[in-house]
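Worksheet: one structure, shown below.
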Amino acid sequence: MTTNALIIDALRTPTGRGRAGGALSDVHPVDLLAQALIALVERTGIDPGAVDDVLIGCVSQTGEQSATPGRMAWLAAGYPVHVPSTTIDRKCGSSQQAIHFAAQGILAGAYDMVIAGGIESMSRVPMGSARAGADPFGPSVTARYSPGMVSQGVAAELVAAKYGVDREAQDMYAARSHRLAHASSALLDREIVPVRTMAGTLVARDETIRPDTTAERLAELKPVFETPELSARFPQVTWSVTAGNSSQLSDSATVVLLMSDRKARELGLSPRARVHAMTAVGDDPVLMLTAPIPATEKILARSAMSLGQLDHIEINEAFAPVPLAWQSHFNADPDKVNPRGGAIALGHPLGASGARLFTTMLHALEDNGQRYGLQLMCEAGGMANATIIERL
């Protein structure tokens with residue numbers, strides 16, 4: 001009998017701005033994830049003691065996110081202690097990789113029911129804090145890619161230069177992200193579960209959407225990564241990446257419940273979708289953000305599908321040049337790409353972002369009566385995950 005990795009449910013918390021005073025900044029990341037887990041269990045009616053594993057993506061695994069946050073959140077939710085958890089780090093694709101591992105475990109017969117997701121509280125555990133000032137590359141990598149690795153922001157500038165993505169195109173794309181996210185706010189409500197803060201406030205909507213954003217206003221912002229040393233090193237770059245056409249630092253948690261066919265039948269649960277294909281690839285670690293292109297080529301070949309068969313495409317808007325370069329390479333229909341906005345408007349809570357894109361894609365496929373969705377995530381170090389799901 002064929003085994004499928006079935007998606008039973010997927011939900012997320014609202015996204016708060018990842019800074020002091022953000023809507024979710026007083027919520028410990030363990031408690032933020034715990035509230036998402038409680039909502040998932042209550043909404044599906046499953047026995048939490050029957051869950052085989054809890055796979056949680058998290059990038060900055062230090063401070064309040066250092067003690068296997070999925071395990072701590074499970075305990076904070078009051079659920080049975082025999083259910084284990086582990087933490088996954090594939091940078092921005094961590095929770096998408098968690099979904100892949102969950103699906104692979106089901107297909108291999110190791111899991112019947114598993115929860116995958118992600119957490120990142122960037123207001124409480126700042127990006128880069130896990131490095132503690134250390135060099136993560138080492139002399140051999142630095143020598144191989146002389147004159148050395150660059151930050152993701154500089155990589156975005158290199159991608160823009162390579163693919164001819166100018167400042168105007170980036171700002172127009174960023175304004176589009178906010179416009180579409182604002183127009184989709186009522187639809188996004190279906191994937192969001194409210195969060196109770198320590199102050200007792202109920203946060204029910206994303207804090208990051210700015211409906212009054214325009215390309216003209218974004219054009220007033222200054223590039224943030226330009227320095228004399230970098231300008232001399234990369235003379236081909238016309239510095240154009242700003243805070244306005246980049247993703248927002250954010251706080252959020254997302255969780256997805258996956259099951260085998262047998263378990264879903266046993267529990268009488270109707271699956272919403274199935275994982276159709278998945279892959280991960282590496283690419284140039286200096287350009288860093290181009291891996292969604294070979295990831296797309298690989299997953300289309302693996303699934304024997306064409307880009308035209310896909311109804312909905314989610315590609316993480318880490319920086320505007322990422323989706324624009326991808327669209328240019330494939331001559332893709334822009335109306336299919338991030339039609340409810342992306343990380344520029346909805347935020348990029350690193351470890352939770354992969355599952356957030358997955359959740360948004362699932363709900364959009366259902367709302368529009370569509371069948372296939374492709375999700376792509378660029379990742380530090382020049383990697384990418386790709387996932388195709390089929391709505392059932």
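By order of appearance in the structure tokens: chains A, B, ..., then residues from 1 within every chain, and ligands from 1 in the order shown.
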Taking the DSSP secondary structure from the backbone, can you list the residues of region 33-166 of chain A that are strand (DSSP E or B), as a PDB file with C-alpha atoms, in the first residue's frame?
```pdb
ATOM      1  CA  ASP A  53       8.326  13.433  17.483  1.00  0.00           C
ATOM      2  CA  VAL A  54       8.363  17.239  17.479  1.00  0.00           C
ATOM      3  CA  LEU A  55      10.843  18.656  14.932  1.00  0.00           C
ATOM      4  CA  ILE A  56      11.470  22.373  15.364  1.00  0.00           C
ATOM      5  CA  GLY A  57      13.603  24.682  13.259  1.00  0.00           C
ATOM      6  CA  SER A  85      11.818  16.808  20.248  1.00  0.00           C
ATOM      7  CA  THR A  86      14.865  17.962  18.346  1.00  0.00           C
ATOM      8  CA  THR A  87      16.092  21.254  16.903  1.00  0.00           C
ATOM      9  CA  ILE A  88      17.034  21.706  13.238  1.00  0.00           C
ATOM     10  CA  ARG A  90      19.385  24.857   8.024  1.00  0.00           C
ATOM     11  CA  CYS A  92      16.426  30.345   6.982  1.00  0.00           C
ATOM     12  CA  MET A 113       2.223  11.247  13.419  1.00  0.00           C
ATOM     13  CA  VAL A 114       4.732  14.063  13.749  1.00  0.00           C
ATOM     14  CA  ILE A 115       4.720  17.796  14.344  1.00  0.00           C
ATOM     15  CA  ALA A 116       7.180  19.977  12.422  1.00  0.00           C
ATOM     16  CA  GLY A 117       7.617  23.716  12.686  1.00  0.00           C
ATOM     17  CA  GLY A 118       9.824  26.542  13.798  1.00  0.00           C
ATOM     18  CA  ILE A 119      10.417  29.308  16.295  1.00  0.00           C
ATOM     19  CA  GLU A 120      12.423  32.517  16.312  1.00  0.00           C
ATOM     20  CA  SER A 121      12.118  35.422  18.713  1.00  0.00           C
TER      21      SER A 121
END
```
Give one line per residue of region 5-87 of chain A that approaches region 188-211 of chain A to at most 10 Å, naming the two atoms of the closest pair and their distance in Å to one decimal, counting only C-alpha atoms; sort by chain then ascending residue number and deliver it as a Markdown table.
```
| residue | atom | partner | partner_atom | distance |
| --- | --- | --- | --- | --- |
| A:Asp9 | CA | A:Glu191 | CA | 9.6 |
| A:Ala10 | CA | A:Glu191 | CA | 7.3 |
| A:Leu11 | CA | A:Glu191 | CA | 5.0 |
| A:Arg12 | CA | A:Ile192 | CA | 5.0 |
| A:Thr13 | CA | A:Val193 | CA | 5.2 |
| A:Pro14 | CA | A:Asp206 | CA | 4.8 |
| A:Thr15 | CA | A:Asp206 | CA | 4.7 |
| A:Gly16 | CA | A:Glu207 | CA | 5.2 |
| A:Arg17 | CA | A:Thr208 | CA | 6.0 |
| A:Gly18 | CA | A:Thr208 | CA | 9.4 |
| A:Gly22 | CA | A:Glu207 | CA | 8.0 |
| A:Ala23 | CA | A:Glu207 | CA | 6.9 |
| A:Leu24 | CA | A:Thr197 | CA | 6.5 |
| A:Ser25 | CA | A:Thr197 | CA | 8.5 |
| A:Asp26 | CA | A:Met198 | CA | 6.1 |
| A:Val27 | CA | A:Thr197 | CA | 5.7 |
| A:His28 | CA | A:Met198 | CA | 8.9 |
| A:Asp31 | CA | A:Thr197 | CA | 9.3 |
| A:Leu32 | CA | A:Val195 | CA | 7.3 |
| A:Leu33 | CA | A:Val195 | CA | 9.8 |
| A:Gln35 | CA | A:Val195 | CA | 6.8 |
| A:Ala36 | CA | A:Val193 | CA | 7.1 |
| A:Ala39 | CA | A:Val193 | CA | 7.0 |
| A:Leu40 | CA | A:Val193 | CA | 9.1 |
```
Counting only C-alpha atoms, closest pick from A:Val125, A:Val322, A:Ala253, A:Leu218 relative to Leu37 (chain A) is A:Ala253
I want to know what sits within 10 Å of Ala103 (chain A), based on only C-alpha atoms, with residues of the same chain fewer than 2 positions away left out; could you give that as a PyMOL selection string?
chain A and resi 4-7+97-101+105-114+116+258-260+274-278
Between CA of Pro136 (chain A) and CA of Leu230 (chain A), measure the distance and give it in Å to one decimal.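 Atom-to-atom, CA of Pro136 (chain A) and CA of Leu230 (chain A) are spaced 20.0 Å apart.
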Closest of A:Gly308, A:Gly45, A:Gly164, A:Gly128 to Thr238 (chain A), counting only C-alpha atoms, is A:Gly164
